[in-house]
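Enquirer: Dropping a structure here in structure tokens format, bear with me for questions.
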Amino acid sequence: MPRGLRLGRLLRLIGAKQGQQIGHAARERVRFAMTGRNAGFFPSPGSPAVPGAAPAGNSGKLQGQQPRPCHAPPGHKPQPDRAEDCDVHQQGAGDGQKEMPSRNPSPEIGGSSGASGAIFPVDAPRGLTYVFGRLPVHGAQELTLRGFPLRIKDIIVDQQLIIAAGREKSLFRRHPWIFSGAVASVKGRPKSGQTVDVLGQNGQWLARAAFSPKSQIQGRVWTFDADERVDAEFFLRRIGESAARRRRLETESDALRLVQSESDGLPGLILDRYAGVLVFQLLTAGAEFWRAEIIEALRTLFPDDAILERSDVDVRAKEGLAERIEAVHGEIPELVEIRENGLRLLVDVRSGHKTGFYLDQRDSRLAVGQAAAGAEVLNCFSYTGGFGLAALRGGAKSVTQLDASAPALDLAVRNRDLNGFAPESMTTVCGDAFQILRAWRKEGRTFDLIVLDPPKFVDSKASLTRAARGYKDVNLCAFHLLRPGGRLFTFSCSGLMEDALFQKIVADAALDAGRTGRIVRRLTQASDHPVELAFPEGAYLKGLEIEVE
């Protein structure tokens, strides 16, 4: 940060939006100092006044006077033919100048400590009037004019993302992601996860976002409302509104997703509720930055619930974050019993997949149950048996649960017994699904209904081709194992796998197997996993119910 800027340049920056070219009116040398986190060297509110000072406690006002032109220091001779320099100082280590000693440091911005000072950008589009006008909005405690120099207490320079020319279109459409390639510059020194203002090249305010320097998605938008502050109240309000929307859903379950990240206006936050246990994930730097406020909001909104953090996902590494599992509040049981569409299910919230269970497949499990009457069913990648148990409840003759995890299959057996199904109605097979399906094909084994719900094959565009081969291989095996007139329920939970491509892969598998299939229903994530209209990436789960000849 340069030690000083010409007043003319400063005012051209802050007045750029209105086209104000007022810098040449400056004829006298002044200092315009702003204090922030580490720059509390100005006198405290109770310090003795000096000539021209406003009494403490007059928030955002200059008592009895208007801001007057700055006076030159003794001995200074203004030059009538040019504008003089004006030094603008931002105190802080690492700015190429010595950090001033702190007498009365301002509170930290963000996190739990909040901020009492005003926040405004150096290149604010409306100039100094913008500064004065925004003071009450940001809770400024006082504005002090001391004649010479002019000093404004507790005003902290905004951190900003400046968008490259022509790259604002997605923000105009209210898409919440800002890729690093769309960022022309970063102003200030924002910490990872800190809230930044997003501005266009012309100084137009576009959004307020979380900054993530280590991710290709460098900004994730919290709000498109310039008057909406991102603070503890913001998270309390948004989580409460999101949970309230779920109460309007028609679902027979006490296990729901209460917050679905960007689609609920809270990028990086996943919140599931299993009966009386809340399980949340913080997937991004922005969500991590506000962790304490999020936890406090959960305790306020759900005072009787236990709270578990399951931020043990690989995607955190892309944000520069370590994985974490922590019991935040209350006692977390080893297994939580939930109910879903007439079934009782045990969920391992501590170490199970995702937050413990695949809540997004609730509607698809119901669809399988409706199609399973009298059928011999194969549930591949069965996990704890949800699809197979739904089939048994729907009247299936028998169910084979196939998964690579022995503990998951053990829990499937406990779920079978919990629901009173006969032991002989369900068989478990532990092993690699691809190898076992190929072996059964050679043996000539067949089924009436097959469910394919594999794990996520695609984690990047680079892996899409390999994933396509995996999807084709497993669907090819399924077509060979289905009896004529059988049903295939096949899914992809990979967001990068588009619907059209997935259908083509399944169609090619049927062709290679010499089978004909017709899609009788398209399936997607349950209604508690909504998709915000401006965020199509929120639609990640896709499924096909296919009748096979």
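Every chain in the structure tokens has a letter given in the order shown (A, B, ...), and although residue numbers restart at 1 in each chain, ligands are simply numbered from 1 in the order shown.
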Kindly assemble as a Markdown table a list of the segment 254-299 of chain A residues that lie within 8 Å of segment 313-322 of chain A, each paired with its nearest atom pair and their distance in Å to one decimal, using only C-alpha atoms, sorted first by chain and then by ascending residue number.

Expert:
```
| residue | atom | partner | partner_atom | distance |
| --- | --- | --- | --- | --- |
| A:Leu283 | CA | A:Arg316 | CA | 5.5 |
| A:Thr284 | CA | A:Glu319 | CA | 6.0 |
| A:Ala285 | CA | A:Glu319 | CA | 5.8 |
```

Enquirer: Would you write out, as a Markdown table, a table of all residues in segment 409-502 of chain A that have an atom no more than 9 Å from an atom of segment 376-398 of chain A, listing for each the closest atom pair and the distance in Å to one decimal, considering only C-alpha atoms and ordering rows by chain and rising residue number?

Expert:
```
| residue | atom | partner | partner_atom | distance |
| --- | --- | --- | --- | --- |
| A:Leu409 | CA | A:Thr384 | CA | 5.7 |
| A:Asp410 | CA | A:Thr384 | CA | 7.7 |
| A:Leu411 | CA | A:Thr384 | CA | 5.6 |
| A:Ala412 | CA | A:Thr384 | CA | 4.3 |
| A:Val413 | CA | A:Gly385 | CA | 8.1 |
| A:Asn415 | CA | A:Gly385 | CA | 7.7 |
| A:Arg416 | CA | A:Leu389 | CA | 6.8 |
| A:Asn419 | CA | A:Leu389 | CA | 8.6 |
| A:Phe421 | CA | A:Leu392 | CA | 7.6 |
| A:Glu424 | CA | A:Ser398 | CA | 7.9 |
| A:Ser425 | CA | A:Ser398 | CA | 4.8 |
| A:Met426 | CA | A:Ser398 | CA | 5.9 |
| A:Thr427 | CA | A:Ser398 | CA | 8.1 |
| A:Ala433 | CA | A:Cys380 | CA | 6.8 |
| A:Thr446 | CA | A:Glu376 | CA | 8.7 |
| A:Phe447 | CA | A:Glu376 | CA | 5.5 |
| A:Asp448 | CA | A:Glu376 | CA | 5.3 |
| A:Leu449 | CA | A:Val377 | CA | 4.8 |
| A:Ile450 | CA | A:Leu378 | CA | 4.8 |
| A:Val451 | CA | A:Asn379 | CA | 4.8 |
| A:Leu452 | CA | A:Cys380 | CA | 5.2 |
| A:Asp453 | CA | A:Phe381 | CA | 5.9 |
| A:Pro454 | CA | A:Phe381 | CA | 5.5 |
| A:Pro455 | CA | A:Phe381 | CA | 7.6 |
```

Enquirer: Residues within 12 Å of Glu252 of chain A, please, as a PDB file with C-alpha atoms, in the first residue's frame. Count only C-alpha atoms; anything in the same chain fewer than 5 positions from it doesn't count.

Expert:
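After the write, part_16.pdb holds the following:
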```
ATOM      1  CA  ARG A 247     -41.915 -27.516   7.768  1.00  0.00           C
ATOM      2  CA  ILE A 338     -35.332 -42.227  12.306  1.00  0.00           C
ATOM      3  CA  ARG A 339     -38.555 -43.020  10.504  1.00  0.00           C
ATOM      4  CA  GLU A 340     -39.206 -42.709   6.779  1.00  0.00           C
ATOM      5  CA  ASN A 341     -42.350 -43.670   4.883  1.00  0.00           C
ATOM      6  CA  GLY A 342     -43.275 -46.348   7.406  1.00  0.00           C
ATOM      7  CA  LEU A 343     -39.740 -47.676   7.883  1.00  0.00           C
ATOM      8  CA  ARG A 344     -37.585 -47.484  11.002  1.00  0.00           C
ATOM      9  CA  ARG A 362     -36.064 -40.494   0.101  1.00  0.00           C
ATOM     10  CA  ASP A 363     -38.481 -40.126  -2.844  1.00  0.00           C
ATOM     11  CA  LEU A 366     -40.496 -44.747  -2.082  1.00  0.00           C
TER      12      LEU A 366
END
```

Enquirer: Point out the residue among A:Asp403, A:Asp499, A:Asp512, A:Asp348 with the least atom-to-atom distance to Pro536 of chain A, counting only C-alpha atoms.

Expert: A:Asp499

Enquirer: From the set A:Leu335, A:Ile325, A:Val506, A:Leu346, which residue has the shortest atom-to-atom contact distance to Asn475 of chain A, counting only C-alpha atoms?

Expert: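 Closest candidate: A:Val506.
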
Enquirer: What's the separation between atom CA of Ile546 of chain A and atom CA of Gly517 of chain A, in Å to one decimal place?

Expert: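 Here the two named atoms are 6.0 Å from each other.
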
Enquirer: List the spatial neighbours of Arg521 of chain A as a list in words - criterion: any atom at most 12 Å away, only C-alpha atoms, same-chain residues fewer than 5 positions off excluded.

Expert: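 Final neighbour list, sorted by chain and number: Ser364, Ala367, Val368, Ala371, Arg487, Leu488, Phe489, Thr490, Lys542, Gly543, Leu544, Glu545, Ile546 and Glu547 of chain A.
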
Enquirer: Just write the chosen residues, C-alpha atoms, as a PDB file, in the first residue's frame.

Expert:
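Written out: part-v4.pdb:
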```pdb
ATOM      1  CA  SER A 364     -36.588 -42.665  -4.937  1.00  0.00           C
ATOM      2  CA  ALA A 367     -40.624 -45.256  -5.874  1.00  0.00           C
ATOM      3  CA  VAL A 368     -38.689 -48.522  -5.582  1.00  0.00           C
ATOM      4  CA  ALA A 371     -42.505 -51.089  -8.029  1.00  0.00           C
ATOM      5  CA  ARG A 487     -37.109 -52.649 -13.843  1.00  0.00           C
ATOM      6  CA  LEU A 488     -33.808 -50.837 -13.545  1.00  0.00           C
ATOM      7  CA  PHE A 489     -33.446 -47.896 -11.154  1.00  0.00           C
ATOM      8  CA  THR A 490     -30.116 -46.297 -12.030  1.00  0.00           C
ATOM      9  CA  LYS A 542     -30.339 -37.747 -11.393  1.00  0.00           C
ATOM     10  CA  GLY A 543     -32.075 -41.090 -11.770  1.00  0.00           C
ATOM     11  CA  LEU A 544     -33.970 -43.148 -14.341  1.00  0.00           C
ATOM     12  CA  GLU A 545     -36.629 -45.781 -13.803  1.00  0.00           C
ATOM     13  CA  ILE A 546     -36.378 -47.985 -16.895  1.00  0.00           C
ATOM     14  CA  GLU A 547     -38.627 -50.795 -18.032  1.00  0.00           C
TER      15      GLU A 547
END
```

Enquirer: Find the spatial neighbours of Thr300 of chain A, counting only C-alpha atoms, within a cut-off of 9 Å - ignore same-chain residues fewer than 4 positions away - and output them as a PyMOL selection string.

Expert: chain A and resi 236+295-296

Enquirer: Output N, CA and C atoms for every residue in the selection just made, as a short mmCIF file (atom, residue, chain, number, x, y, z; two decimals), in the first residue's frame.

Expert:
```
data_model
loop_
_atom_site.label_atom_id
_atom_site.label_comp_id
_atom_site.auth_asym_id
_atom_site.auth_seq_id
_atom_site.Cartn_x
_atom_site.Cartn_y
_atom_site.Cartn_z
N LEU A 236 -28.48 -16.41 11.82
CA LEU A 236 -29.65 -16.79 12.59
C LEU A 236 -30.91 -16.68 11.74
N ILE A 295 -22.91 -22.03 14.83
CA ILE A 295 -23.21 -22.91 15.96
C ILE A 295 -24.15 -22.21 16.95
N GLU A 296 -23.90 -20.95 17.20
CA GLU A 296 -24.77 -20.20 18.12
C GLU A 296 -26.19 -20.11 17.57
#
```

Enquirer: Could you pull out the alpha helix (DSSP H) residues of segment 161-369 of chain A from DSSP and send them as a PyMOL selection string?

Expert: chain A and resi 169-172+232-247+285-289+291-301+362-369

Enquirer: What does the structure give for the distance between atom CA of Ala232 of chain A and atom CA of Glu293 of chain A, in Å to one decimal?

Expert: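 So the two atoms, atom CA of Ala232 of chain A and atom CA of Glu293 of chain A, lie 5.2 Å apart.
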
Enquirer: Near Leu161 of chain A, counting only C-alpha atoms, which residues have an atom at most 12 Å away, once you skip same-chain residues fewer than 2 positions from it, shown as a ChimeraX atom specification?

Expert: /A:121,158-159,163-164,168,178-190,194-201,203-213,218-221

Enquirer: Which of segment 150-318 of chain A counts as strand (DSSP E or B) under DSSP, as an NGL selection string please?

Expert: :A and (150-152 or 155-157 or 160-163 or 177-179 or 183-187 or 195-199 or 205-211 or 217-223 or 253 or 255-260 or 269-274 or 277-282 or 306-311)

Enquirer: What lies within 9 Å of Glu334 of chain A using only C-alpha atoms, ignoring chain neighbours under 4 positions off, as a list in words?

Expert: Val347, Asp348, Val349 and Arg350 of chain A

Enquirer: Identify which of the residues A:Thr400, A:Gln216, A:Ser527, A:Asn202 lies closest to Gln361 of chain A, counting only C-alpha atoms when measuring atom-to-atom distances.

Expert: A:Ser527
